[in-house]
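This is upload.cif. It holds mmCIF, C-alpha atoms.
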data_coords
#
loop_
_atom_site.label_atom_id
_atom_site.label_comp_id
_atom_site.auth_asym_id
_atom_site.auth_seq_id
_atom_site.Cartn_x
_atom_site.Cartn_y
_atom_site.Cartn_z
CA MET A 1 -35.87 136.94 -70.39
CA THR A 2 -39.49 136.23 -71.26
CA SER A 3 -41.26 133.42 -69.49
CA ALA A 4 -43.20 131.12 -71.76
CA PRO A 5 -46.97 131.43 -71.35
CA THR A 6 -48.52 128.56 -69.45
CA SER A 7 -50.54 125.96 -71.29
CA ARG A 8 -53.68 127.75 -70.16
CA THR A 9 -52.62 130.91 -72.01
CA ARG A 10 -52.49 128.94 -75.30
CA GLN A 11 -56.07 127.80 -74.90
CA ARG A 12 -59.16 129.96 -75.07
CA ILE A 13 -59.85 131.13 -71.54
CA ARG A 14 -63.23 132.40 -70.46
CA VAL A 15 -63.36 135.84 -68.87
CA ARG A 16 -66.56 136.99 -67.21
CA SER A 17 -67.24 140.41 -65.65
CA LYS A 18 -70.51 141.02 -63.84
CA ARG A 19 -71.87 143.65 -61.47
CA ASP A 20 -71.21 142.99 -57.82
CA THR A 21 -71.65 144.55 -54.40
CA ALA A 22 -68.10 144.27 -53.14
CA GLY A 23 -67.13 145.57 -49.74
CA ASP A 24 -63.88 147.33 -48.92
CA LEU A 25 -61.58 146.39 -51.79
CA LEU A 26 -58.40 145.88 -49.77
CA GLY A 27 -60.38 143.89 -47.18
CA LEU A 28 -61.23 141.31 -49.86
CA LEU A 29 -57.63 140.25 -50.48
CA PRO A 30 -57.30 136.68 -49.19
CA ASP A 31 -53.53 136.05 -49.26
CA PRO A 32 -51.02 137.80 -46.97
CA GLU A 33 -48.13 137.44 -49.43
CA HIS A 34 -49.52 137.67 -52.96
CA ALA A 35 -51.60 140.84 -52.95
CA LEU A 36 -52.48 142.61 -56.20
CA ALA A 37 -53.89 146.08 -55.76
CA TRP A 38 -54.32 149.54 -57.26
CA VAL A 39 -56.66 151.54 -55.02
CA ARG A 40 -57.19 155.24 -54.41
CA ASP A 41 -59.74 156.59 -51.93
CA GLY A 42 -61.68 153.30 -51.95
CA SER A 43 -61.86 152.90 -55.76
CA GLY A 44 -59.70 150.86 -58.09
CA LEU A 45 -58.83 147.20 -58.52
CA VAL A 46 -57.69 144.29 -56.39
CA GLY A 47 -56.90 140.76 -57.55
CA TRP A 48 -55.79 137.33 -56.45
CA GLY A 49 -54.72 134.07 -58.01
CA GLU A 50 -52.57 133.84 -61.13
CA ALA A 51 -54.07 132.91 -64.50
CA ALA A 52 -50.92 133.94 -66.37
CA ARG A 53 -47.62 135.69 -65.75
CA LEU A 54 -44.87 137.32 -67.76
CA GLU A 55 -41.39 138.19 -66.53
CA VAL A 56 -39.21 140.26 -68.84
CA SER A 57 -36.12 142.46 -68.69
CA GLY A 58 -33.92 144.59 -70.91
CA PRO A 59 -34.37 147.73 -73.02
CA ASP A 60 -37.27 146.23 -75.00
CA ARG A 61 -39.23 145.13 -71.90
CA PHE A 62 -42.18 147.44 -72.63
CA ALA A 63 -42.47 146.24 -76.24
CA GLN A 64 -42.26 142.59 -75.19
CA ALA A 65 -44.86 143.11 -72.47
CA ASP A 66 -47.20 144.90 -74.87
CA LYS A 67 -46.87 142.14 -77.48
CA TRP A 68 -47.44 139.39 -74.91
CA TRP A 69 -50.53 141.11 -73.50
CA ARG A 70 -52.07 141.64 -76.94
CA GLU A 71 -51.52 137.98 -77.81
CA PHE A 72 -52.92 136.83 -74.48
CA VAL A 73 -56.08 138.93 -74.89
CA SER A 74 -56.60 137.62 -78.42
CA HIS A 75 -57.10 134.09 -77.01
CA LEU A 76 -59.84 135.02 -74.54
CA ASP A 77 -63.60 134.54 -74.67
CA VAL A 78 -64.86 137.67 -72.90
CA ASP A 79 -68.31 138.20 -71.43
CA ASP A 80 -68.30 141.72 -69.96
CA GLU A 81 -71.54 143.23 -68.61
CA LEU A 82 -69.98 146.62 -67.94
CA GLY A 83 -67.53 147.52 -70.68
CA VAL A 84 -65.74 150.12 -68.53
CA PRO A 85 -62.00 150.61 -68.06
CA GLY A 86 -60.84 147.86 -65.70
CA SER A 87 -63.62 145.38 -66.46
CA GLY A 88 -62.90 142.36 -68.64
CA PRO A 89 -59.34 140.98 -68.67
CA VAL A 90 -56.80 142.88 -66.57
CA ALA A 91 -53.07 142.53 -65.99
CA PHE A 92 -51.30 144.14 -63.04
CA VAL A 93 -48.03 145.71 -64.22
CA SER A 94 -44.74 146.54 -62.52
CA MET A 95 -41.81 147.55 -64.73
CA ALA A 96 -38.15 147.81 -63.79
CA PHE A 97 -36.71 151.30 -63.57
CA ALA A 98 -33.59 150.57 -65.62
CA ASP A 99 -32.88 148.61 -68.78
CA GLU A 100 -30.36 146.57 -66.78
CA PRO A 101 -30.52 145.16 -64.18
CA GLY A 102 -34.05 144.55 -63.01
CA ASP A 103 -36.97 142.31 -63.91
CA SER A 104 -40.43 143.50 -64.93
CA VAL A 105 -43.63 141.56 -64.39
CA LEU A 106 -47.21 141.34 -65.66
CA ILE A 107 -49.64 139.25 -63.62
CA VAL A 108 -53.12 138.28 -64.81
CA PRO A 109 -55.17 137.40 -61.71
CA GLU A 110 -57.80 134.69 -61.64
CA VAL A 111 -60.16 137.09 -59.86
CA VAL A 112 -60.38 140.89 -60.07
CA VAL A 113 -62.78 143.05 -58.06
CA GLY A 114 -63.21 146.65 -59.18
CA ARG A 115 -64.94 149.85 -58.24
CA ARG A 116 -65.19 152.93 -60.45
CA ASN A 117 -67.59 155.90 -60.45
CA GLY A 118 -70.03 154.13 -58.17
CA GLU A 119 -70.07 150.89 -60.18
CA GLN A 120 -68.69 147.65 -58.72
CA TRP A 121 -67.89 144.41 -60.49
CA ILE A 122 -66.11 141.11 -60.22
CA THR A 123 -64.16 139.46 -63.03
CA THR A 124 -63.17 135.80 -63.15
CA ILE A 125 -60.48 134.62 -65.54
CA GLY A 126 -60.58 130.89 -66.15
CA ALA A 127 -61.86 128.45 -63.56
CA SER A 128 -61.50 129.99 -60.11
CA ASP A 129 -63.18 130.53 -56.77
CA PRO A 130 -64.38 134.15 -56.66
CA ALA A 131 -64.82 134.04 -52.87
CA PRO A 132 -61.87 132.25 -51.22
CA ASN A 133 -61.32 132.22 -47.48
CA VAL A 134 -59.66 135.42 -46.30
CA ALA A 135 -56.73 134.72 -43.99
CA PRO A 136 -56.67 136.77 -40.78
CA LEU A 137 -54.64 139.99 -40.95
CA SER A 138 -51.35 139.87 -39.06
CA ARG A 139 -48.95 142.59 -38.01
CA PRO A 140 -45.32 142.47 -36.87
CA SER A 141 -44.46 143.00 -33.21
CA THR A 142 -41.00 144.43 -33.90
CA VAL A 143 -39.35 146.21 -36.84
CA ARG A 144 -35.58 146.64 -36.98
CA TYR A 145 -33.78 148.78 -39.56
CA ALA A 146 -30.40 148.31 -41.21
CA ASN A 147 -28.43 149.95 -43.99
CA GLY A 148 -29.35 149.03 -47.54
CA GLN A 149 -27.08 148.96 -50.58
CA LEU A 150 -26.66 152.76 -50.40
CA PRO A 151 -26.65 154.02 -46.77
CA VAL A 152 -27.43 157.64 -45.86
CA THR A 153 -23.77 158.67 -45.48
CA GLN A 154 -22.94 157.42 -48.98
CA TYR A 155 -26.16 158.92 -50.33
CA ARG A 156 -25.13 162.36 -49.04
CA GLU A 157 -21.80 162.02 -50.86
CA ALA A 158 -23.56 160.88 -54.04
CA VAL A 159 -25.76 163.98 -53.87
CA ARG A 160 -22.69 166.16 -53.33
CA SER A 161 -21.01 164.64 -56.40
CA ALA A 162 -24.13 165.07 -58.53
CA VAL A 163 -24.46 168.74 -57.55
CA ALA A 164 -20.82 169.34 -58.51
CA ARG A 165 -21.42 167.73 -61.90
CA MET A 166 -24.48 169.91 -62.52
CA ARG A 167 -22.65 173.07 -61.46
CA ALA A 168 -19.98 172.12 -63.99
CA GLY A 169 -22.69 172.11 -66.68
CA GLU A 170 -22.74 168.37 -67.38
CA LEU A 171 -26.53 168.08 -66.94
CA ASP A 172 -29.53 170.03 -65.60
CA LYS A 173 -31.24 167.66 -63.17
CA VAL A 174 -30.81 164.17 -61.75
CA VAL A 175 -32.86 162.13 -59.27
CA LEU A 176 -30.86 160.05 -56.79
CA ALA A 177 -32.28 157.50 -54.39
CA HIS A 178 -31.13 155.38 -51.48
CA ASP A 179 -32.53 152.37 -49.68
CA LEU A 180 -33.15 151.07 -46.17
CA VAL A 181 -33.76 147.49 -45.02
CA ALA A 182 -36.46 146.65 -42.47
CA VAL A 183 -36.54 143.24 -40.77
CA THR A 184 -39.59 142.10 -38.80
CA ASP A 185 -40.21 139.30 -36.34
CA ARG A 186 -42.59 137.46 -38.69
CA ARG A 187 -43.42 137.18 -42.37
CA LEU A 188 -44.93 140.46 -43.50
CA ASP A 189 -48.61 140.60 -44.38
CA GLN A 190 -48.74 142.80 -47.48
CA ARG A 191 -52.41 143.55 -46.79
CA PHE A 192 -51.54 145.05 -43.40
CA VAL A 193 -49.03 147.40 -45.07
CA LEU A 194 -51.45 148.28 -47.88
CA GLN A 195 -54.31 149.09 -45.53
CA GLY A 196 -52.08 151.31 -43.40
CA LEU A 197 -50.91 153.23 -46.47
CA ALA A 198 -54.41 153.61 -47.90
CA ARG A 199 -55.80 154.81 -44.59
CA ARG A 200 -53.17 157.52 -44.06
CA TYR A 201 -52.71 158.53 -47.70
CA PRO A 202 -56.13 158.38 -49.42
CA GLU A 203 -54.95 160.91 -52.05
CA CYS A 204 -52.34 158.39 -53.25
CA TRP A 205 -52.65 155.18 -55.23
CA ALA A 206 -51.97 152.26 -52.86
CA TYR A 207 -50.49 149.42 -54.91
CA ALA A 208 -49.09 145.92 -54.65
CA VAL A 209 -47.62 143.86 -57.50
CA ASP A 210 -45.38 140.85 -56.93
CA GLY A 211 -44.15 142.00 -53.53
CA LEU A 212 -43.66 145.67 -54.44
CA VAL A 213 -45.99 147.51 -52.06
CA GLY A 214 -46.41 151.26 -51.75
CA ALA A 215 -48.55 154.38 -52.07
CA THR A 216 -47.62 156.72 -54.90
CA PRO A 217 -48.85 160.30 -55.27
CA GLU A 218 -47.70 160.42 -58.89
CA LEU A 219 -49.73 159.22 -61.88
CA LEU A 220 -47.40 158.62 -64.81
CA LEU A 221 -50.14 157.94 -67.35
CA ARG A 222 -53.84 157.15 -67.51
CA ARG A 223 -55.31 156.08 -70.85
CA THR A 224 -59.10 156.16 -71.23
CA GLY A 225 -60.05 155.68 -74.87
CA SER A 226 -58.52 158.57 -76.80
CA VAL A 227 -57.64 160.62 -73.71
CA VAL A 228 -54.33 160.38 -71.89
CA ASP A 229 -53.49 162.27 -68.72
CA SER A 230 -50.76 162.49 -66.13
CA ARG A 231 -50.20 164.06 -62.70
CA VAL A 232 -46.62 165.27 -62.46
CA LEU A 233 -45.01 165.95 -59.08
CA ALA A 234 -41.61 167.58 -58.62
CA GLY A 235 -40.51 170.08 -56.01
CA THR A 236 -40.98 169.12 -52.38
CA THR A 237 -41.18 170.52 -48.88
CA TRP A 238 -42.09 168.92 -45.57
CA PRO A 239 -43.43 170.05 -42.17
CA HIS A 240 -41.25 172.32 -40.07
CA ASP A 241 -41.88 173.31 -36.45
CA GLY A 242 -43.58 176.68 -36.17
CA VAL A 243 -44.42 176.90 -39.89
CA SER A 244 -48.06 176.63 -40.98
CA ASP A 245 -49.23 174.59 -43.97
CA GLU A 246 -50.13 177.82 -45.76
CA GLU A 247 -46.65 179.25 -45.21
CA LEU A 248 -45.04 176.03 -46.43
CA ALA A 249 -47.20 176.08 -49.57
CA ALA A 250 -46.41 179.72 -50.29
CA ALA A 251 -42.68 179.08 -49.86
CA LEU A 252 -42.87 176.08 -52.20
CA MET A 253 -44.72 178.07 -54.88
CA SER A 254 -42.08 180.82 -54.73
CA SER A 255 -39.00 178.58 -54.51
CA GLU A 256 -36.82 179.07 -57.58
CA LYS A 257 -35.08 175.73 -56.97
CA ASN A 258 -38.34 173.77 -56.70
CA LEU A 259 -40.00 175.57 -59.62
CA GLU A 260 -36.96 174.79 -61.77
CA GLU A 261 -37.11 171.12 -60.78
CA HIS A 262 -40.84 171.04 -61.53
CA ASP A 263 -40.41 172.69 -64.92
CA TYR A 264 -37.90 170.04 -66.00
CA ALA A 265 -40.39 167.29 -65.08
CA ILE A 266 -43.31 168.90 -66.94
CA THR A 267 -41.21 169.64 -70.02
CA SER A 268 -39.80 166.11 -70.25
CA LEU A 269 -43.24 164.51 -70.04
CA ALA A 270 -44.93 166.92 -72.45
CA GLU A 271 -42.17 166.69 -75.05
CA THR A 272 -42.19 162.88 -75.15
CA LEU A 273 -46.00 162.60 -75.08
CA ARG A 274 -46.77 165.36 -77.60
CA PRO A 275 -45.94 163.31 -80.76
CA TYR A 276 -48.77 160.91 -79.82
CA CYS A 277 -51.36 163.64 -79.29
CA THR A 278 -53.38 166.01 -81.45
CA THR A 279 -53.91 168.43 -78.54
CA MET A 280 -52.32 168.87 -75.14
CA SER A 281 -52.82 171.12 -72.13
CA VAL A 282 -50.95 171.66 -68.87
CA GLU A 283 -52.74 172.78 -65.71
CA GLY A 284 -50.69 173.96 -62.74
CA PRO A 285 -48.60 174.05 -60.75
CA SER A 286 -50.50 173.84 -57.51
CA VAL A 287 -49.53 172.37 -54.13
CA LEU A 288 -50.49 168.79 -53.24
CA ARG A 289 -50.45 168.36 -49.46
CA LEU A 290 -49.78 164.95 -47.93
CA PRO A 291 -49.23 164.08 -44.27
CA ASN A 292 -45.46 163.76 -44.69
CA VAL A 293 -44.62 166.15 -47.55
CA SER A 294 -46.07 168.69 -49.97
CA HIS A 295 -45.33 168.67 -53.70
CA LEU A 296 -45.68 171.00 -56.63
CA SER A 297 -48.26 169.29 -58.85
CA SER A 298 -49.36 169.79 -62.45
CA ASP A 299 -51.78 167.89 -64.70
CA VAL A 300 -51.04 167.13 -68.35
CA ILE A 301 -54.00 166.11 -70.54
CA GLY A 302 -53.81 165.06 -74.21
CA GLU A 303 -56.03 163.73 -76.99
CA LEU A 304 -54.38 160.73 -78.64
CA SER A 305 -53.99 160.78 -82.42
CA SER A 306 -54.19 156.97 -82.66
CA SER A 307 -55.02 153.93 -80.53
CA THR A 308 -51.56 153.74 -78.97
CA SER A 309 -51.52 151.29 -76.05
CA LEU A 310 -50.75 152.31 -72.49
CA LEU A 311 -47.58 150.21 -72.38
CA HIS A 312 -46.29 151.80 -75.60
CA LEU A 313 -46.92 155.25 -74.14
CA GLY A 314 -45.23 154.17 -70.91
CA GLU A 315 -42.13 153.17 -72.83
CA ALA A 316 -42.04 156.58 -74.52
CA VAL A 317 -42.21 158.68 -71.36
CA HIS A 318 -40.25 156.57 -68.86
CA PRO A 319 -38.20 157.74 -67.10
CA THR A 320 -39.48 161.28 -66.86
CA ALA A 321 -37.34 163.98 -65.31
CA ALA A 322 -39.37 163.48 -62.11
CA VAL A 323 -37.54 160.17 -61.46
CA GLY A 324 -34.62 160.26 -63.89
CA GLY A 325 -33.43 163.72 -64.82
CA THR A 326 -32.55 166.03 -67.71
CA PRO A 327 -31.14 165.26 -70.23
CA ARG A 328 -32.54 161.76 -69.81
CA LEU A 329 -29.57 159.69 -70.99
CA ASP A 330 -27.01 161.77 -69.08
CA ALA A 331 -29.13 161.53 -65.95
CA THR A 332 -29.70 157.77 -66.08
CA THR A 333 -25.98 157.22 -66.72
CA LEU A 334 -25.12 159.34 -63.68
CA ILE A 335 -27.69 157.48 -61.55
CA SER A 336 -25.97 154.21 -62.38
CA GLN A 337 -22.55 155.65 -61.56
CA LEU A 338 -23.40 157.38 -58.27
CA GLU A 339 -26.05 155.11 -56.74
CA GLY A 340 -24.28 151.85 -57.50
CA MET A 341 -27.40 149.89 -56.55
CA ASP A 342 -30.14 148.01 -58.33
CA ARG A 343 -33.36 150.03 -57.97
CA GLY A 344 -35.34 147.02 -59.14
CA ARG A 345 -38.90 148.16 -59.84
CA TYR A 346 -38.67 151.22 -57.57
CA ALA A 347 -39.43 154.39 -59.60
CA GLY A 348 -40.64 152.27 -62.53
CA PRO A 349 -44.20 152.28 -63.89
CA VAL A 350 -46.72 150.33 -61.79
CA GLY A 351 -50.46 149.84 -62.23
CA TRP A 352 -52.79 147.93 -64.54
CA ILE A 353 -53.87 147.52 -68.14
CA ASP A 354 -57.08 146.06 -69.56
CA GLY A 355 -57.95 144.25 -72.78
CA ASN A 356 -58.64 147.51 -74.64
CA GLY A 357 -55.25 148.97 -73.82
CA ASP A 358 -56.75 151.34 -71.24
CA GLY A 359 -55.36 151.56 -67.73
CA GLU A 360 -53.32 153.49 -65.23
CA LEU A 361 -49.60 153.55 -64.56
CA GLY A 362 -48.24 155.32 -61.53
CA ILE A 363 -44.60 155.77 -60.61
CA ALA A 364 -43.54 153.26 -57.96
CA LEU A 365 -42.63 155.67 -55.18
CA ARG A 366 -43.03 155.52 -51.36
CA CYS A 367 -42.61 151.76 -51.56
CA ALA A 368 -40.83 148.66 -50.35
CA GLN A 369 -39.96 145.36 -51.98
CA ILE A 370 -41.26 142.79 -49.51
CA SER A 371 -39.95 139.24 -49.24
CA GLY A 372 -40.79 137.12 -46.22
CA SER A 373 -39.92 139.12 -43.10
CA THR A 374 -37.72 141.63 -44.96
CA ALA A 375 -38.70 144.87 -46.67
CA ARG A 376 -36.36 147.02 -48.74
CA LEU A 377 -37.52 150.66 -48.62
CA PHE A 378 -36.61 153.35 -51.17
CA ALA A 379 -36.69 157.14 -51.32
CA GLY A 380 -35.26 159.60 -53.82
CA CYS A 381 -34.91 163.33 -54.41
CA GLY A 382 -34.71 165.51 -57.49
CA LEU A 383 -31.45 167.46 -57.61
CA VAL A 384 -30.51 170.65 -59.46
CA ALA A 385 -27.35 172.74 -59.34
CA ASP A 386 -28.25 174.61 -56.14
CA SER A 387 -29.43 171.55 -54.16
CA ASP A 388 -28.05 171.21 -50.63
CA PRO A 389 -26.95 167.63 -49.74
CA ASP A 390 -28.04 167.92 -46.10
CA ILE A 391 -31.50 169.18 -47.06
CA GLU A 392 -31.87 166.40 -49.64
CA VAL A 393 -31.07 163.80 -46.96
CA GLN A 394 -33.83 165.32 -44.80
CA GLU A 395 -36.25 165.18 -47.75
CA ALA A 396 -35.45 161.51 -48.40
CA HIS A 397 -36.05 160.79 -44.71
CA ALA A 398 -39.47 162.47 -44.93
CA LYS A 399 -40.32 160.37 -47.98
CA MET A 400 -39.43 157.16 -46.11
CA ARG A 401 -41.98 157.99 -43.43
CA PRO A 402 -45.10 156.50 -45.10
CA MET A 403 -43.55 153.04 -45.45
CA ARG A 404 -41.98 153.08 -41.97
CA GLU A 405 -45.33 154.03 -40.42
CA ALA A 406 -47.13 151.35 -42.41
CA LEU A 407 -44.67 148.66 -41.33
CA GLU A 408 -44.85 149.75 -37.71
CA GLY A 409 -48.65 150.03 -37.76
CA LEU A 410 -48.74 153.71 -36.76
#
Represent the structure contained in this file as structure tokens.
Amino acid sequence: MTSAPTSRTRQRIRVRSKRDTAGDLLGLLPDPEHALAWVRDGSGLVGWGEAARLEVSGPDRFAQADKWWREFVSHLDVDDELGVPGSGPVAFVSMAFADEPGDSVLIVPEVVVGRRNGEQWITTIGASDPAPNVAPLSRPSTVRYANGQLPVTQYREAVRSAVARMRAGELDKVVLAHDLVAVTDRRLDQRFVLQGLARRYPECWAYAVDGLVGATPELLLRRTGSVVDSRVLAGTTWPHDGVSDEELAAALMSSEKNLEEHDYAITSLAETLRPYCTTMSVEGPSVLRLPNVSHLSSDVIGELSSSTSLLHLGEAVHPTAAVGGTPRLDATTLISQLEGMDRGRYAGPVGWIDGNGDGELGIALRCAQISGSTARLFAGCGLVADSDPDIEVQEAHAKMRPMREALEGL
């Protein structure tokens, strides 16, 4: 269901972007519960306030969101001193993983502060206070955990069933996830969680959109003019006692199971993106090391043949085999059957888009949906025919670690 634009979106709204000397981006966020952010290693975008909002669901959610955004931008008076991706009007984006259920959202902040390639700017959209009072940061004293919709024991059985189906030749790969509920002694400050994630995982994109807060290592798509690129991750290992980082990386690069999983992810992205590109190249795989896990990583870079918008491209490639599986339809059907839970916006595209159709969409991984004093955490693993259910449970536990540490303030 699409929400009707507010009366302000039917009038011509003034948008002004000017150079600024912003401090730490995440430190500028004023509100504990309505953070908007997309930040990596100190650069990116943060926002606050709400000039306009769209909520949409269903199989045509990307097309509806793209149409709404184009119409919204067409009614703006824009004064942009910089003219770089992320200046001018911006919407923060978080799309549902599945066609049904799940709601997607686009939020246009009243204020955006950005940093890119050494340039800093502030954008105001409509009448707003660009420098509101920043509420003090708060942290929980206690965090208690409880089973989510799919507890670990049921997740292990779901993995076992999926492996049996793949060994029977029904499909090549599927990605299954499970959830965990955290309850704290006070309403969660999203900024506290964001800052903890950004500090420990500077290689990842720390994000927050409408209560979905996380740090993803995976860039689904970046569109900059005629260039589109993606960082694909699939194939994972994690620290083991007595094993060096170099040994872990070498084992990952020689693992037939992980290389197979990675190849499915690269192939699915390249095949769906290629029709939109005149040229395309793939660089990798290499090993991306993070504090909790290491991934096989490859970069896909293409030259677009037309001015296709980021949201249209996102619709084409989502879900890749990195979060869905291969073949896509068989995998998403099996996910629905075996998980039996609503992923919401977990594993869906998350990021931002500007008035030119440029922007960045990551995959919403290593995240939690936060509401009041409750956070619902998610983690998933890519499965192929020779996956071991016990090992996959261990991998999912390792992938939960970033959010648990952020909640607990470690």
Ranking A:Gly302, A:Gly357, A:His240, A:Pro327 by minimum distance to Glu395 in chain A and counting all atoms listed in the file, which one comes first?
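With all atoms listed in the file as the atom set, the closest residue is A:His240.
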What are the closest atom pairs, with distances in Å to one decimal, for each residue of range 257-330 of chain A lying within 10 Å of range 242-248 of chain A, using all atoms listed in the file, rows by chain and rising residue number, as a Markdown table?
| residue | atom | partner | partner_atom | distance |
| --- | --- | --- | --- | --- |
| A:Val287 | CA | A:Leu248 | CA | 9.6 |
| A:Arg289 | CA | A:Asp245 | CA | 8.4 |
| A:Val293 | CA | A:Leu248 | CA | 10.0 |
| A:Ser294 | CA | A:Leu248 | CA | 8.2 |
Do a neighbour search on Met166 in chain A at 9 Å with all atoms listed in the file, toss out local chain neighbours closer than 4 positions, and write the hits as a compact mmCIF listing (two decimals) with C-alpha atoms, in the frame of the given file.
# COMPACT_ATOMS: atom_id res chain seq x y z
CA SER A 161 -21.01 164.64 -56.40
CA ALA A 162 -24.13 165.07 -58.53
CA GLU A 170 -22.74 168.37 -67.38
CA LEU A 171 -26.53 168.08 -66.94
CA ASP A 172 -29.53 170.03 -65.60
CA LYS A 173 -31.24 167.66 -63.17
CA VAL A 174 -30.81 164.17 -61.75
CA LEU A 383 -31.45 167.46 -57.61
CA VAL A 384 -30.51 170.65 -59.46
CA ALA A 385 -27.35 172.74 -59.34
CA ASP A 386 -28.25 174.61 -56.14
Residues near range 364-380 of chain A, anyone? I mean within 6 Å using only C-alpha atoms, not counting same-chain ones fewer than 3 positions away, as a PyMOL selection string.
chain A and resi 176-184+186-188+211-216+346-348+350+396+399-400
Between CA of Gly169 in chain A and CA of Asp330 in chain A lies a distance of 11.5 Å
Could you check the closest approach to Ala208 in chain A for each of A:Val323, A:Ile107, A:Ile335, A:Val232 and tell me which residue wins, using only C-alpha atoms?
A:Ile107
Please write as an mmCIF file with C-alpha atoms, keeping the file's coordinate frame the full residue list that the PyMOL selection byres ((chain A and resi 126) around 12) yields on this file.
data_model
loop_
_atom_site.group_PDB
_atom_site.id
_atom_site.type_symbol
_atom_site.label_atom_id
_atom_site.label_comp_id
_atom_site.auth_asym_id
_atom_site.auth_seq_id
_atom_site.Cartn_x
_atom_site.Cartn_y
_atom_site.Cartn_z
ATOM 1 C CA ARG A 8 -53.680 127.750 -70.160
ATOM 2 C CA THR A 9 -52.620 130.910 -72.010
ATOM 3 C CA GLN A 11 -56.070 127.800 -74.900
ATOM 4 C CA ARG A 12 -59.160 129.960 -75.070
ATOM 5 C CA ILE A 13 -59.850 131.130 -71.540
ATOM 6 C CA ARG A 14 -63.230 132.400 -70.460
ATOM 7 C CA VAL A 15 -63.360 135.840 -68.870
ATOM 8 C CA ARG A 16 -66.560 136.990 -67.210
ATOM 9 C CA SER A 17 -67.240 140.410 -65.650
ATOM 10 C CA GLY A 49 -54.720 134.070 -58.010
ATOM 11 C CA GLU A 50 -52.570 133.840 -61.130
ATOM 12 C CA ALA A 51 -54.070 132.910 -64.500
ATOM 13 C CA ALA A 52 -50.920 133.940 -66.370
ATOM 14 C CA HIS A 75 -57.100 134.090 -77.010
ATOM 15 C CA LEU A 76 -59.840 135.020 -74.540
ATOM 16 C CA ASP A 77 -63.600 134.540 -74.670
ATOM 17 C CA VAL A 78 -64.860 137.670 -72.900
ATOM 18 C CA ASP A 79 -68.310 138.200 -71.430
ATOM 19 C CA GLY A 88 -62.900 142.360 -68.640
ATOM 20 C CA PRO A 89 -59.340 140.980 -68.670
ATOM 21 C CA VAL A 108 -53.120 138.280 -64.810
ATOM 22 C CA PRO A 109 -55.170 137.400 -61.710
ATOM 23 C CA GLU A 110 -57.800 134.690 -61.640
ATOM 24 C CA VAL A 111 -60.160 137.090 -59.860
ATOM 25 C CA VAL A 112 -60.380 140.890 -60.070
ATOM 26 C CA THR A 123 -64.160 139.460 -63.030
ATOM 27 C CA THR A 124 -63.170 135.800 -63.150
ATOM 28 C CA ILE A 125 -60.480 134.620 -65.540
ATOM 29 C CA ALA A 127 -61.860 128.450 -63.560
ATOM 30 C CA SER A 128 -61.500 129.990 -60.110
ATOM 31 C CA ASP A 129 -63.180 130.530 -56.770
ATOM 32 C CA PRO A 130 -64.380 134.150 -56.660
#
In terms of the shortest atom-to-atom distance over only C-alpha atoms, which of A:Met95, A:Leu296, A:Leu221, A:Ile301 is closest to Ala251 in chain A?
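Using only C-alpha atoms, the shortest distance to Ala251 in chain A belongs to A:Leu296.
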Kindly resolve the PyMOL selection byres ((chain A and resi 219) around 6) on the present coordinates and return the residues as a ChimeraX atom specification.
/A:218,220-221,230-231,362
Quick one: residues within 10 Å of Ala96 in chain A, only C-alpha atoms, excluding same-chain residues fewer than 6 positions away - as a PDB file with C-alpha atoms, keeping the file's coordinate frame?
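Writing the result to selection.pdb gives the following:
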ATOM      1  CA  VAL A  56     -39.210 140.260 -68.840  1.00  0.00           C
ATOM      2  CA  SER A  57     -36.120 142.460 -68.690  1.00  0.00           C
ATOM      3  CA  GLY A  58     -33.920 144.590 -70.910  1.00  0.00           C
ATOM      4  CA  PRO A  59     -34.370 147.730 -73.020  1.00  0.00           C
ATOM      5  CA  ARG A  61     -39.230 145.130 -71.900  1.00  0.00           C
ATOM      6  CA  PHE A  62     -42.180 147.440 -72.630  1.00  0.00           C
ATOM      7  CA  GLY A 102     -34.050 144.550 -63.010  1.00  0.00           C
ATOM      8  CA  ASP A 103     -36.970 142.310 -63.910  1.00  0.00           C
ATOM      9  CA  SER A 104     -40.430 143.500 -64.930  1.00  0.00           C
ATOM     10  CA  VAL A 105     -43.630 141.560 -64.390  1.00  0.00           C
ATOM     11  CA  ASP A 342     -30.140 148.010 -58.330  1.00  0.00           C
ATOM     12  CA  ARG A 343     -33.360 150.030 -57.970  1.00  0.00           C
ATOM     13  CA  GLY A 344     -35.340 147.020 -59.140  1.00  0.00           C
ATOM     14  CA  ARG A 345     -38.900 148.160 -59.840  1.00  0.00           C
ATOM     15  CA  TYR A 346     -38.670 151.220 -57.570  1.00  0.00           C
ATOM     16  CA  ALA A 347     -39.430 154.390 -59.600  1.00  0.00           C
ATOM     17  CA  GLY A 348     -40.640 152.270 -62.530  1.00  0.00           C
ATOM     18  CA  PRO A 349     -44.200 152.280 -63.890  1.00  0.00           C
ATOM     19  CA  VAL A 350     -46.720 150.330 -61.790  1.00  0.00           C
ATOM     20  CA  ALA A 364     -43.540 153.260 -57.960  1.00  0.00           C
TER      21      ALA A 364
END
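Coordinates place CA of Cys381 in chain A at a distance of 21.9 Å from CA of Leu407 in chain A.
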Between A:Pro151, A:Gly355, A:Pro202, A:Pro389, which residue has the minimum interatomic distance to Ser74 in chain A, considering only C-alpha atoms?
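Nearest candidate to Ser74 in chain A out of A:Pro151, A:Gly355, A:Pro202, A:Pro389: A:Gly355.
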Output check: residues returned by the PyMOL selection byres ((chain A and resi 25) around 9), as a list in words
Ala22, Gly23, Asp24, Leu26, Gly27, Leu28, Leu29, Ala37, Val39, Gly42, Ser43, Gly44, Leu45, Val46, Val113, Gly114 and Arg115 of chain A
